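Input: a single structure, listed below in structure tokens.
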2 protein chains.
Amino acid sequence: MKLQLQIKMNEALFLRNPESSALGKNILKHSVHLIYKMGFETFTFKKLAEDIGTTEAGIYRYFENKHKLLVYLTAWYWGWLEFQISFHTNNIKDPVVKLKRVIKLLATAVEDDEQTSYINESLLHQIIIAEGSKAYLTKQVGEDNKQQFFKPYKDLCAVIGNIILECSTKYKYPKSLASTIIEMAHFQNFFMNNLPSLTDFGKTKEESEIIAFLNDLVFTSLKKS
Amino acid sequence: MKLQLQIKMNEALFLRNPESSALGKNILKHSVHLIYKMGFETFTFKKLAEDIGTTEAGIYRYFENKHKLLVYLTAWYWGWLEFQISFHTNNIKDPVVKLKRVIKLLATAVEDDEQTSYINESLLHQIIIAEGSKAYLTKQVGEDNKQQFFKPYKDLCAVIGNIILECSTKYKYPKSLASTIIEMAHFQNFFMNNLPSLTDFGKTKEESEIIAFLNDLVFTSLKKS
DNA sequence: TATTTATAATAGTATTACTATCATTTAGAA
DNA sequence: TTCTAAATGATAGTAATACTATTATAAATA
């Protein structure tokens with residue numbers, strides 16, 4: 001039996017559900033490849049259409065604009081990651097072990113799961129690192145937030161915040177620490193590979209060092225309080 | 001006597017030095033206002049020209065494109081902040097006190113110093129929070145970095161990293177902790193105001209809480225090691 | 001005063017970010 | 001199987017963006 005993980009997406013993110021047709025799935029698949037390859041600012045619907053072998057107008061029937069598509073992809077990623085976390089921390093009782101597992105999942109390049117879906121999670125992980133913040137660093141954050149576009153991110157943050165509280169009931173900043181872990185898992189990776197002097201991992205460029213840093217940061221904070 | 005702080009800017013950031021003429025200074029001044037008001041993606045040189053009362057071509061004589069202008073503004077900000085830090089921590093011997101002062105400077109909305117220059121530091125601080133990462137989250141980071149565009153940021157990070165080492169010689173991640181402090185001072189502020197459930201400060205929206213969070217995070221890490 | 005240099009005014013191009021129309025194919029219902 | 005509706009493809013077109021180029025004029029400097 002092959003199980004297909006379906007992530008329930010916010011309907012306001014698209015005009016036509018991209019998971020409902022071959023073209024839609026192609027849009028998701030090729031946009032991940034293209035954004036990964038050329039970066040979000042250089043990426044256009046025209047180029048995407050050419051890559052797929054369809055027309056620009058075809059893409060616009062699914063997504064209003066490329067910002068919505070980016071938000072869709074990030075939302076998908078956070079949803080997927082929350083599932084990964086709940087899957088991999090299932091049955092773990094010790095919250096410290098659980099939190100360590102979460103940090104590892106956040107900071108580790110995922111191996112792609114070509115079977116699972118038309119989305120290459122490994123490339124998407126790289127996109128989230130380099131482009132993810134652009135989904136909310138806009139003037140429309142407020143409206144986008146009202147439409148619940150960032151719910152998957154907030155849910156994930158809440159989940160991690162709760163594990164933090166399990167580790168240390170008295171800790172005062174569970175949510176901020178959770179968002180710090182998430183953001184830093186990605187930023188330290190980007191810095192390590194692109195602006196290495198902003199990190200202590202420039203020599204080896206090993207993800208394991210980021211994990212060690214985050215573990216140190218988090219667990220000294222939690223042990224003390 | 002009135003002292004004017006001059007920040008030495010990387011010459012590759014501009015075509016003509018904007019500090020060398022009235023128009024150039026207007027470009028800096030109005031771009032800060034406009035980017036603050038409408039966000040970086042909606043901001044164009046055309047709109048900037050209209051705002052100033054000059055022509056698009058006029059702007060292009062100073063800056064190759066809006067990305068370079070953003071990098072210029074962020075570089076200026078980091079240079080300015082490094083000066084603020086060296087000024088405000090001068091004569092402080094205790095590195096812990098020094099680091100606390102640094103955190104406060106990073107996380108506090110600066111009061112504008114209208115005298116100092118044509119750049120409104122208070123608005124620029126807001127721009128750095130919302131747009132700053134876009135200066136390096138691009139496909140050209142590598143080339144931009146080769147041209148030393150991010151030197152002021154890296155210098156600041158190095159300064160903070162050294163203070164961290166003064167606090168605790170054995171601490172293993174001074175640079176990563178420094179970049180974490182810098183980024184989180186800004187991201188927690190953005191989250192607090194725009195996606196409050198990602199923080200523990202949504203109720204009060206007080207900068208002082210971000211400072212308390214960062215102090216807690218940093219000093220438990222440093223005390224332990 | 002002559003001469004360089006900066007600015008203003010204007011024009012023009014390629015690309016981006018869309019919207020609209022209509023013909024054709026495909027998929028599902030009768 | 002046939003009819004119908006929906007999705008796609010092909011094509012066109014528009015306004016805005018991101019520039020480059022040209023020439024005239026004004027300001028600064030030698």
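Following the order of the structure tokens, first chain is A, next is B, and so on, with residues numbered from 1 inside each chain and ligands from 1 in the order they appear.
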
Counting only C-alpha atoms (C1' of nucleotides), which residues from chain C have an atom at most 10 Å from any atom of chain A, and could you show them as number ranges by chain?
C: 16-19

Give as a compact mmCIF listing (two decimals) with C-alpha atoms, in the first residue's frame every residue of chain A that touches chain B within 9 Å, counting only C-alpha atoms.
```
# COMPACT_ATOMS: atom_id res chain seq x y z
CA LYS A 37 17.62 27.67 -9.83
CA MET A 38 17.19 31.36 -10.43
CA GLY A 39 15.93 32.91 -7.23
CA PHE A 40 12.53 34.42 -6.56
CA GLU A 41 13.10 37.92 -8.00
CA THR A 42 14.33 36.61 -11.37
CA ILE A 129 16.07 29.00 3.46
CA ALA A 130 16.75 31.60 0.79
CA GLU A 131 13.28 32.94 -0.01
CA SER A 133 11.11 35.21 4.73
CA LYS A 134 10.02 37.09 1.62
CA TYR A 136 5.90 37.66 5.05
CA LEU A 137 8.39 40.54 4.76
CA THR A 138 5.97 42.63 2.72
CA LYS A 139 3.60 45.53 3.20
CA VAL A 141 1.59 40.93 5.80
CA GLY A 142 -1.38 42.23 7.67
CA ASN A 145 -2.24 37.20 7.88
CA PHE A 150 0.70 32.00 7.69
CA TYR A 153 3.97 28.54 10.19
CA LYS A 154 2.20 29.72 13.31
CA CYS A 157 5.68 27.51 16.04
CA ALA A 158 2.96 26.72 18.55
CA LYS A 172 9.08 32.69 29.86
CA TYR A 173 9.55 32.92 26.09
CA PRO A 174 8.44 29.66 24.49
CA LYS A 175 7.02 31.18 21.33
CA SER A 176 9.87 33.59 20.71
CA LEU A 177 12.35 30.80 21.33
CA ALA A 178 10.43 28.61 18.90
CA SER A 179 10.48 31.22 16.13
CA THR A 180 14.14 31.86 16.90
CA GLU A 183 14.54 31.14 11.72
CA MET A 184 18.05 30.43 12.89
CA PHE A 187 19.59 31.68 8.50
CA GLN A 188 22.65 30.02 9.96
CA PHE A 190 22.30 30.48 4.54
CA ASN A 194 27.02 32.41 1.60
CA LEU A 195 28.38 34.75 4.27
CA SER A 197 32.08 34.92 8.56
CA LEU A 198 28.67 35.50 10.17
CA THR A 199 28.89 31.99 11.61
CA ASP A 200 31.35 29.66 13.30
CA PHE A 201 30.80 26.94 10.72
CA ILE A 210 24.28 24.30 13.32
CA PHE A 213 24.80 25.45 18.19
CA ASP A 216 23.48 24.54 23.10
CA LEU A 217 21.48 27.75 22.76
CA VAL A 218 18.16 26.17 23.58
CA PHE A 219 19.07 23.77 26.34
CA THR A 220 21.22 26.12 28.39
CA SER A 221 18.25 28.49 28.32
CA LEU A 222 15.85 25.77 29.41
CA LYS A 223 18.03 24.13 32.01
CA LYS A 224 18.64 27.34 33.83
CA SER A 225 15.04 28.42 34.15
```

If the cut-off is 9 Å, can you tell me the residues of chain D near chain B, counting only C-alpha atoms (C1' of nucleotides)? I'd like them as a PDB file with all heavy atoms, in the first residue's frame.
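Contents of out-v5.pdb, as written:
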```
ATOM      1  P    DT D  17       5.216  50.741 -11.674  1.00  0.00           P
ATOM      2  OP1  DT D  17       5.027  50.425 -10.253  1.00  0.00           O
ATOM      3  OP2  DT D  17       5.404  52.136 -12.143  1.00  0.00           O
ATOM      4  O5'  DT D  17       6.442  49.881 -12.216  1.00  0.00           O
ATOM      5  C5'  DT D  17       6.405  48.459 -12.111  1.00  0.00           C
ATOM      6  C4'  DT D  17       7.659  47.898 -12.761  1.00  0.00           C
ATOM      7  O4'  DT D  17       7.592  48.112 -14.199  1.00  0.00           O
ATOM      8  C3'  DT D  17       8.959  48.553 -12.291  1.00  0.00           C
ATOM      9  O3'  DT D  17       9.834  47.493 -11.929  1.00  0.00           O
ATOM     10  C2'  DT D  17       9.432  49.343 -13.518  1.00  0.00           C
ATOM     11  C1'  DT D  17       8.857  48.513 -14.651  1.00  0.00           C
ATOM     12  N1   DT D  17       8.625  49.179 -15.962  1.00  0.00           N
ATOM     13  C2   DT D  17       9.187  48.610 -17.095  1.00  0.00           C
ATOM     14  O2   DT D  17       9.880  47.613 -17.063  1.00  0.00           O
ATOM     15  N3   DT D  17       8.910  49.266 -18.272  1.00  0.00           N
ATOM     16  C4   DT D  17       8.130  50.403 -18.434  1.00  0.00           C
ATOM     17  O4   DT D  17       7.946  50.891 -19.544  1.00  0.00           O
ATOM     18  C5   DT D  17       7.564  50.950 -17.210  1.00  0.00           C
ATOM     19  C7   DT D  17       6.703  52.171 -17.275  1.00  0.00           C
ATOM     20  C6   DT D  17       7.842  50.315 -16.049  1.00  0.00           C
ATOM     21  P    DA D  18      11.147  47.765 -11.076  1.00  0.00           P
ATOM     22  OP1  DA D  18      11.349  46.592 -10.207  1.00  0.00           O
ATOM     23  OP2  DA D  18      11.090  49.128 -10.514  1.00  0.00           O
ATOM     24  O5'  DA D  18      12.260  47.744 -12.207  1.00  0.00           O
ATOM     25  C5'  DA D  18      12.467  46.569 -12.983  1.00  0.00           C
ATOM     26  C4'  DA D  18      13.467  46.903 -14.054  1.00  0.00           C
ATOM     27  O4'  DA D  18      12.801  47.649 -15.096  1.00  0.00           O
ATOM     28  C3'  DA D  18      14.628  47.794 -13.584  1.00  0.00           C
ATOM     29  O3'  DA D  18      15.835  47.355 -14.191  1.00  0.00           O
ATOM     30  C2'  DA D  18      14.240  49.166 -14.111  1.00  0.00           C
ATOM     31  C1'  DA D  18      13.621  48.759 -15.424  1.00  0.00           C
ATOM     32  N9   DA D  18      12.793  49.758 -16.097  1.00  0.00           N
ATOM     33  C8   DA D  18      11.992  50.722 -15.544  1.00  0.00           C
ATOM     34  N7   DA D  18      11.386  51.481 -16.434  1.00  0.00           N
ATOM     35  C5   DA D  18      11.810  50.970 -17.657  1.00  0.00           C
ATOM     36  C6   DA D  18      11.539  51.320 -18.991  1.00  0.00           C
ATOM     37  N6   DA D  18      10.727  52.316 -19.326  1.00  0.00           N
ATOM     38  N1   DA D  18      12.134  50.599 -19.961  1.00  0.00           N
ATOM     39  C2   DA D  18      12.944  49.602 -19.622  1.00  0.00           C
ATOM     40  N3   DA D  18      13.283  49.174 -18.405  1.00  0.00           N
ATOM     41  C4   DA D  18      12.678  49.908 -17.452  1.00  0.00           C
ATOM     42  P    DC D  19      17.219  47.687 -13.532  1.00  0.00           P
ATOM     43  OP1  DC D  19      18.277  46.950 -14.282  1.00  0.00           O
ATOM     44  OP2  DC D  19      17.099  47.532 -12.107  1.00  0.00           O
ATOM     45  O5'  DC D  19      17.321  49.245 -13.875  1.00  0.00           O
ATOM     46  C5'  DC D  19      18.251  49.832 -14.775  1.00  0.00           C
ATOM     47  C4'  DC D  19      17.871  49.622 -16.236  1.00  0.00           C
ATOM     48  O4'  DC D  19      16.520  50.054 -16.439  1.00  0.00           O
ATOM     49  C3'  DC D  19      18.689  50.495 -17.171  1.00  0.00           C
ATOM     50  O3'  DC D  19      19.865  49.800 -17.557  1.00  0.00           O
ATOM     51  C2'  DC D  19      17.758  50.695 -18.360  1.00  0.00           C
ATOM     52  C1'  DC D  19      16.367  50.474 -17.786  1.00  0.00           C
ATOM     53  N1   DC D  19      15.502  51.691 -17.820  1.00  0.00           N
ATOM     54  C2   DC D  19      15.070  52.179 -19.047  1.00  0.00           C
ATOM     55  O2   DC D  19      15.436  51.607 -20.078  1.00  0.00           O
ATOM     56  N3   DC D  19      14.261  53.268 -19.103  1.00  0.00           N
ATOM     57  C4   DC D  19      13.888  53.855 -17.968  1.00  0.00           C
ATOM     58  N4   DC D  19      13.089  54.912 -18.070  1.00  0.00           N
ATOM     59  C5   DC D  19      14.329  53.384 -16.682  1.00  0.00           C
ATOM     60  C6   DC D  19      15.123  52.315 -16.658  1.00  0.00           C
ATOM     61  P    DT D  20      21.147  50.655 -17.887  1.00  0.00           P
ATOM     62  OP1  DT D  20      22.275  49.701 -17.965  1.00  0.00           O
ATOM     63  OP2  DT D  20      21.202  51.791 -16.963  1.00  0.00           O
ATOM     64  O5'  DT D  20      20.866  51.252 -19.339  1.00  0.00           O
ATOM     65  C5'  DT D  20      20.486  50.398 -20.418  1.00  0.00           C
ATOM     66  C4'  DT D  20      20.455  51.236 -21.673  1.00  0.00           C
ATOM     67  O4'  DT D  20      19.244  52.054 -21.668  1.00  0.00           O
ATOM     68  C3'  DT D  20      21.634  52.209 -21.797  1.00  0.00           C
ATOM     69  O3'  DT D  20      22.157  52.120 -23.117  1.00  0.00           O
ATOM     70  C2'  DT D  20      21.027  53.573 -21.489  1.00  0.00           C
ATOM     71  C1'  DT D  20      19.577  53.396 -21.925  1.00  0.00           C
ATOM     72  N1   DT D  20      18.596  54.217 -21.177  1.00  0.00           N
ATOM     73  C2   DT D  20      17.684  54.988 -21.882  1.00  0.00           C
ATOM     74  O2   DT D  20      17.656  55.029 -23.099  1.00  0.00           O
ATOM     75  N3   DT D  20      16.822  55.713 -21.105  1.00  0.00           N
ATOM     76  C4   DT D  20      16.762  55.734 -19.732  1.00  0.00           C
ATOM     77  O4   DT D  20      15.929  56.432 -19.139  1.00  0.00           O
ATOM     78  C5   DT D  20      17.744  54.908 -19.052  1.00  0.00           C
ATOM     79  C7   DT D  20      17.763  54.877 -17.547  1.00  0.00           C
ATOM     80  C6   DT D  20      18.604  54.193 -19.799  1.00  0.00           C
TER      81       DT D  20
END
```

What does the structure give for the distance between atom CA of Gly24 of chain B and atom CA of Phe63 of chain B, in Å to one decimal?
9.6 Å

Show which residues sit within 10 Å of Asn10 of chain B, as a PyMOL selection string. Count only C-alpha atoms (C1' of nucleotides), and ignore same-chain residues fewer than 4 positions away.
chain B and resi 14+17+72+75-76+147-152

Create the file for the chosen residues now, containing C-alpha atoms and written as a PDB file, in the first residue's frame.
```
ATOM      1  CA  PHE B  14      27.056  53.713  -6.399  1.00  0.00           C
ATOM      2  CA  ASN B  17      28.522  59.408  -4.686  1.00  0.00           C
ATOM      3  CA  TYR B  72      23.753  50.993   0.213  1.00  0.00           C
ATOM      4  CA  ALA B  75      25.485  49.120   4.674  1.00  0.00           C
ATOM      5  CA  TRP B  76      25.066  52.682   5.856  1.00  0.00           C
ATOM      6  CA  GLN B 147      32.675  43.167  -3.711  1.00  0.00           C
ATOM      7  CA  GLN B 148      32.562  43.606   0.061  1.00  0.00           C
ATOM      8  CA  PHE B 149      29.040  44.964   0.110  1.00  0.00           C
ATOM      9  CA  PHE B 150      28.299  43.246   3.407  1.00  0.00           C
ATOM     10  CA  LYS B 151      31.496  44.251   5.149  1.00  0.00           C
ATOM     11  CA  PRO B 152      29.765  46.644   7.581  1.00  0.00           C
TER      12      PRO B 152
END
```

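Between atom CA of Glu111 of chain B and atom CA of Lys68 of chain B the separation is 26.0 Å.
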
Can you tell me, as a ChimeraX atom specification, what residues are no more than 8 Å from segment 122-128 of chain A when counting only C-alpha atoms (C1' of nucleotides), ignoring any on the same chain fewer than 4 positions away?
/A:32-33,35-36,73-74,77,109-112,132-133,186

Keeping all heavy atoms for every residue in the selection just given, could you write it to a file as a short mmCIF file (atom, residue, chain, number, x, y, z; two decimals), in the first residue's frame?
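As a result, part_23.cif now contains:
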```cif
data_model
loop_
_atom_site.label_atom_id
_atom_site.label_comp_id
_atom_site.auth_asym_id
_atom_site.auth_seq_id
_atom_site.Cartn_x
_atom_site.Cartn_y
_atom_site.Cartn_z
N VAL A 32 9.12 25.03 -8.18
CA VAL A 32 10.14 24.70 -7.19
C VAL A 32 11.52 24.63 -7.85
O VAL A 32 12.48 25.22 -7.38
CB VAL A 32 9.81 23.37 -6.47
CG1 VAL A 32 11.01 22.86 -5.68
CG2 VAL A 32 8.62 23.55 -5.54
N HIS A 33 11.58 23.95 -8.99
CA HIS A 33 12.87 23.87 -9.68
C HIS A 33 13.37 25.23 -10.14
O HIS A 33 14.54 25.56 -9.96
CB HIS A 33 12.76 22.92 -10.89
CG HIS A 33 12.81 21.47 -10.50
ND1 HIS A 33 11.69 20.74 -10.20
CD2 HIS A 33 13.86 20.64 -10.34
CE1 HIS A 33 12.05 19.50 -9.87
NE2 HIS A 33 13.35 19.41 -9.95
N ILE A 35 12.46 28.40 -9.14
CA ILE A 35 12.78 29.35 -8.07
C ILE A 35 14.10 28.95 -7.42
O ILE A 35 14.95 29.78 -7.13
CB ILE A 35 11.65 29.43 -7.03
CG1 ILE A 35 10.38 30.00 -7.66
CG2 ILE A 35 12.06 30.28 -5.84
CD1 ILE A 35 9.15 29.97 -6.76
N TYR A 36 14.27 27.65 -7.25
CA TYR A 36 15.54 27.17 -6.69
C TYR A 36 16.70 27.60 -7.58
O TYR A 36 17.71 28.10 -7.11
CB TYR A 36 15.52 25.65 -6.57
CG TYR A 36 16.86 25.06 -6.22
CD1 TYR A 36 17.36 25.17 -4.93
CD2 TYR A 36 17.64 24.42 -7.18
CE1 TYR A 36 18.60 24.64 -4.60
CE2 TYR A 36 18.88 23.88 -6.86
CZ TYR A 36 19.35 24.01 -5.56
OH TYR A 36 20.58 23.50 -5.23
N LEU A 73 3.82 27.82 -1.54
CA LEU A 73 4.92 26.87 -1.35
C LEU A 73 5.44 26.86 0.09
O LEU A 73 5.72 25.80 0.65
CB LEU A 73 6.07 27.18 -2.33
CG LEU A 73 5.78 26.93 -3.81
CD1 LEU A 73 6.93 27.42 -4.68
CD2 LEU A 73 5.49 25.45 -4.08
N THR A 74 5.54 28.05 0.68
CA THR A 74 6.02 28.08 2.07
C THR A 74 4.98 27.43 3.00
O THR A 74 5.34 26.65 3.87
CB THR A 74 6.32 29.52 2.54
OG1 THR A 74 5.15 30.31 2.40
CG2 THR A 74 7.44 30.15 1.72
N TYR A 77 5.25 23.84 2.75
CA TYR A 77 6.45 23.36 3.43
C TYR A 77 6.22 23.27 4.94
O TYR A 77 6.57 22.27 5.58
CB TYR A 77 7.64 24.27 3.14
CG TYR A 77 8.91 23.81 3.83
CD1 TYR A 77 9.67 22.78 3.30
CD2 TYR A 77 9.33 24.40 5.02
CE1 TYR A 77 10.82 22.34 3.93
CE2 TYR A 77 10.48 23.97 5.66
CZ TYR A 77 11.22 22.93 5.11
OH TYR A 77 12.35 22.49 5.75
N ALA A 109 19.05 19.07 5.84
CA ALA A 109 18.59 19.00 4.46
C ALA A 109 17.82 17.71 4.30
O ALA A 109 18.35 16.62 4.55
CB ALA A 109 19.77 19.04 3.50
N VAL A 110 16.56 17.82 3.91
CA VAL A 110 15.75 16.64 3.76
C VAL A 110 16.15 15.89 2.50
O VAL A 110 16.49 16.49 1.49
CB VAL A 110 14.25 17.01 3.68
CG1 VAL A 110 13.78 17.42 5.05
CG2 VAL A 110 14.03 18.13 2.67
N GLU A 111 16.12 14.60 2.58
CA GLU A 111 16.36 13.82 1.36
C GLU A 111 15.01 13.77 0.62
O GLU A 111 13.95 13.61 1.23
CB GLU A 111 16.90 12.43 1.70
CG GLU A 111 15.99 11.48 2.43
CD GLU A 111 15.63 11.90 3.87
OE1 GLU A 111 16.20 12.90 4.40
OE2 GLU A 111 14.76 11.25 4.44
N ASP A 112 15.08 13.97 -0.65
CA ASP A 112 13.83 14.04 -1.41
C ASP A 112 13.16 12.68 -1.47
O ASP A 112 13.77 11.64 -1.49
CB ASP A 112 14.09 14.57 -2.82
CG ASP A 112 12.82 14.58 -3.64
OD1 ASP A 112 11.75 14.85 -3.06
OD2 ASP A 112 12.89 14.31 -4.85
N GLY A 132 12.15 32.08 1.93
CA GLY A 132 11.02 31.93 2.84
C GLY A 132 10.57 33.21 3.52
O GLY A 132 9.37 33.51 3.57
N SER A 133 11.50 34.00 4.01
CA SER A 133 11.11 35.21 4.73
C SER A 133 10.39 36.21 3.83
O SER A 133 9.62 37.04 4.32
CB SER A 133 12.32 35.91 5.34
OG SER A 133 13.36 35.02 5.58
N HIS A 186 17.48 28.12 9.62
CA HIS A 186 17.61 28.47 8.20
C HIS A 186 18.66 29.54 7.96
O HIS A 186 19.47 29.42 7.04
CB HIS A 186 16.25 28.89 7.66
CG HIS A 186 15.27 27.75 7.64
ND1 HIS A 186 13.93 27.92 7.82
CD2 HIS A 186 15.47 26.43 7.48
CE1 HIS A 186 13.33 26.72 7.75
NE2 HIS A 186 14.25 25.82 7.56
#
```

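Our summary of the geometry notes that atom CA of Leu69 of chain B is positioned 28.0 Å from atom C1' of DT4 of chain C.
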
In segment 127-176 of chain A, DSSP alpha helix (DSSP H) residues written as a ChimeraX atom specification
/A:127-131,141-146,151-167,174-176

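For segment 90-107 of chain B, the list of residues within 9 Å, based on only C-alpha atoms (C1' of nucleotides) and with local chain neighbours fewer than 2 positions off taken out, reads Leu81, Gln84, Ile85, Ser86, Phe87, His88, Ala109, Val110, Ile160, Ile163, Ile164, Leu165, Glu166, Cys167, Ile181, Ile182, Met184, Ala185, His186, Asn189, Glu207, Ser208, Ile210, Ile211, Leu214, Asn215 and Phe219 of chain B.
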